[in-house]
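Below you'll find the structure, written out as structure tokens, and then a few comments.
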Amino acid sequence: MNKKWIKDALIINEGRHFQGSVLIAGDTIEAVYEGPVPPEVDITPYEQIDAQGKWLLPGCIDDQVHFREPGLTHKADIGSESRAAVAGGVTSFMDMPNTKPQTTTLEALEWKFKRAAQTSVANYSFFFGGTNDNFKEIQQVDKTRVPGLKLFLGSSTGNMLVNDKAALERIFSECGMLIAIHAEKEEIIQRNIAHYTGLYGEDLDISFHSLIRSEEACYASSAEAVELATRLGARLHILHLSTARETTLLDNTLPLSEKQITGEVCVHHLWFHDGDYAQFGNRIKWNPSIKTLADRNALRQAVNENKIDIVATDHAPHLPAEKEGSCLKAASGGPLVQHSLVAMLELAGEGHFTYEKVVEKMAHAPATLFHIDRRGYIRPRYYADLVLVDPQHAWTVSRENILSKCGWSPFEGYTFHHAVDTTFVNGEIAYQRGQVNDALRGRELKYLN
């Protein structure tokens, strides 16, 4: 059996940090020691990994990525983006259903699982997509294999916009699994488009994006979903919150394990604000849009107050050419999975969060919220999904060190002051100092529903 001894790391886990060691046996954590390994433990069979001066964290679990496969592989695929994930300390991901074909049938879902087993370096899972007319398929989904049902309650491509009231009521009352939503009210978006194009024409610049996909559009949709979930007893998870007002819909009086309504914020909404459009342009065009400085500050506060439960990425690569054009034409979304952890550690270093809070929101909370089997924590008998971070390694993001297939990042030119040194997936080294272990394959996540 493969055995490893991660020695003398600063372990950040479950709200604490302490100097210690972790023993790995096969794919699981065998023991966690605060201080030195006890002398009675025979460590001779273990491969020693000297972690002095480094931090050991549980691997990040990203509950919202778009790895673009099948159908959109000119800009990303499961293999390429899982490589970027492990380079960024993300050991598990949950991919979204708006691919081509959409993941709204059992056949399409099974194809993704088979493809990931062939190509993914990280552990993997896939949301099933809801539509106005696929409830029979939803009923047949194996709930131990998927994190939940994804609904688009705002504009979307194809048949992914769920706007039929009867279908929504049935899904919220009978689907029997967590419902994750993209919440932007389509009627408000269309009204805003008509208003601003009527005033200024079709060639609107990026500064109009947050006016079109406005606070009102987000809050109205989120509030309706919360009302539905509360009335019908559904488990609701609001993805990529972007406004201060939406945080008033969330509660922090209950432990996460007891919450029926939860929320996620993405790194870009914690990092950027609408004053950054002038510098970054379409590179920071996302749906929902980047909002005001006041919204960004409120989102940071909501993370610290545990109103917001998870920090993720909404990693959504596009080619640079697809990001060009007017506000109404440029693609929305961008690559983030390689830089999410270091960006959050950077914000922690600036005093916006504690390092323990970063670990909580990017590893512990996703595991707890989605009931993932034995991941997200540094505990004996848990899978050895771990990240060694060098807190003294400054490095600059450039085209040469970006692993996402699209080849760019909104962080290009930025110098981070923490670096992912080594990433372990199921006890094996998946990434180390610039090199991905392309022979490694992650595993399908299991859910204890």
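Each chain in the structure tokens gets a letter, A, B and so on, in the order shown; residues start at 1 in every chain, and ligands are counted from 1 in the order they appear.
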Per-residue nearest contacts stretch 245-276 of chain A to stretch 224-236 of chain A, cut-off 8 Å, using only C-alpha atoms, as JSON lines:
{"residue": "A:Leu249", "atom": "CA", "partner": "A:Val226", "partner_atom": "CA", "distance": 7.4}
{"residue": "A:Gln260", "atom": "CA", "partner": "A:Arg235", "partner_atom": "CA", "distance": 4.8}
{"residue": "A:Ile261", "atom": "CA", "partner": "A:Leu236", "partner_atom": "CA", "distance": 4.8}
{"residue": "A:Thr262", "atom": "CA", "partner": "A:Leu236", "partner_atom": "CA", "distance": 6.3}
>> What's around A:Val146 at 8 Å? Count only C-alpha atoms, leave out sequence neighbours fewer than 5 positions away in its own chain, and write the answer as a list in words.
In response: Ser125, Phe126, Phe127, Phe128, Val141, Lys446 and Tyr447 of chain A
>> Which of stretch 27-260 of chain A end up as helix (DSSP H, G or I) when DSSP is run on this backbone - answer as a PyMOL selection string?
In response: chain A and resi 78-87+106-119+135-140+165-174+186-200+206-212+215-232+245-249+256-258
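Remark: for A:Ala394, the closest of the candidate residues A:Ile11, A:Val420, A:Ile429, A:Leu369 is A:Val420 (distances computed over only C-alpha atoms).
A straight-line distance of 9.7 Å separates atom CA of A:Trp5 from atom CA of A:Thr44.
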>> Please list as JSON, numbers by chain every residue within 8 Å of A:Ile310, counting only C-alpha atoms and excluding residues in the same chain fewer than 5 positions away.
In response: {"A": [263, 264, 265, 303, 361, 362, 365, 366]}
>> With distances taken over only C-alpha atoms, which residue among A:Asp63, A:Glu400, A:Glu107, A:Asp133 lies nearest A:Ser92?
In response: A:Asp63
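Separating atom CA of A:Ile6 from atom CA of A:Ser21 is a distance of 5.5 Å.
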Could I get the residues of stretch 396-437 of chain A with an atom no further than 9 Å from an atom of stretch 70-81 of chain A, each paired with its nearest atom pair and that distance in Å to one decimal, using only C-alpha atoms, sorted by chain and residue number, as JSON lines?
{"residue": "A:Leu403", "atom": "CA", "partner": "A:Ser80", "partner_atom": "CA", "distance": 7.2}
{"residue": "A:Ser404", "atom": "CA", "partner": "A:Glu81", "partner_atom": "CA", "distance": 5.5}
{"residue": "A:Lys405", "atom": "CA", "partner": "A:Ala76", "partner_atom": "CA", "distance": 5.2}
{"residue": "A:Cys406", "atom": "CA", "partner": "A:Lys75", "partner_atom": "CA", "distance": 5.1}
{"residue": "A:Gly407", "atom": "CA", "partner": "A:Lys75", "partner_atom": "CA", "distance": 8.9}
For the residues selected in the previous step, produce a file with N, CA and C atoms as a short mmCIF file (atom, residue, chain, number, x, y, z; two decimals), in the first residue's frame.
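File produced: out.cif:
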data_model
loop_
_atom_site.label_atom_id
_atom_site.label_comp_id
_atom_site.auth_asym_id
_atom_site.auth_seq_id
_atom_site.Cartn_x
_atom_site.Cartn_y
_atom_site.Cartn_z
N LEU A 403 -3.41 27.11 -17.16
CA LEU A 403 -3.68 25.76 -17.66
C LEU A 403 -5.03 25.62 -18.33
N SER A 404 -5.96 26.52 -18.09
CA SER A 404 -7.27 26.44 -18.75
C SER A 404 -7.08 26.50 -20.26
N LYS A 405 -7.88 25.74 -20.96
CA LYS A 405 -7.74 25.61 -22.41
C LYS A 405 -7.93 26.94 -23.13
N CYS A 406 -8.73 27.83 -22.55
CA CYS A 406 -9.00 29.12 -23.21
C CYS A 406 -7.77 30.03 -23.22
N GLY A 407 -6.82 29.80 -22.31
CA GLY A 407 -5.53 30.47 -22.39
C GLY A 407 -5.44 31.88 -21.82
#
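Atom to atom, atom CA of A:Glu40 and atom CA of A:Gln52 stand 22.1 Å apart.
Assigned to strand (DSSP E or B) in stretch 39-108 of chain A, given DSSP computed from backbone atoms, are Glu47, Gln48, Ile49, Asp50, Trp55, Leu56, Leu57, Pro58, Cys60, Ile61, Asp62, Asp63, Gln64, Val65, Val90, Thr91, Ser92, Phe93, Met94 and Asp95 of chain A.
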Could those residues be written to a file, using C-alpha atoms, as a tab-separated table (two decimals), in the first residue's frame?
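This went into part-v3.tsv:
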chain	number	residue	atom	x	y	z
A	47	GLU	CA	7.41	8.25	2.01
A	48	GLN	CA	8.38	11.47	3.79
A	49	ILE	CA	7.16	14.80	2.41
A	50	ASP	CA	8.82	17.69	4.21
A	55	TRP	CA	0.38	25.10	5.08
A	56	LEU	CA	-1.73	21.97	4.70
A	57	LEU	CA	-5.40	22.49	3.80
A	58	PRO	CA	-8.20	20.15	2.78
A	60	CYS	CA	-11.21	22.74	-2.25
A	61	ILE	CA	-14.59	21.52	-3.49
A	62	ASP	CA	-15.97	23.78	-6.23
A	63	ASP	CA	-19.74	23.44	-6.45
A	64	GLN	CA	-20.12	25.38	-9.70
A	65	VAL	CA	-18.02	24.92	-12.80
A	90	VAL	CA	-9.38	22.25	-6.22
A	91	THR	CA	-9.64	18.49	-5.75
A	92	SER	CA	-13.36	18.02	-6.52
A	93	PHE	CA	-15.80	19.79	-8.81
A	94	MET	CA	-19.50	19.82	-9.66
A	95	ASP	CA	-20.14	20.60	-13.31
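Using only C-alpha atoms, the protein and nucleic acid residues lying no more than 12 Å from A:Lys136, apart from those fewer than 3 places from it along its own chain, are Thr104, Thr105, Leu106, Gly130, Thr131, Asn132, Asp133, Gln139, Gln140, Val141, Ala167, Arg170, Ile171, Glu174 and Cys175 of chain A.
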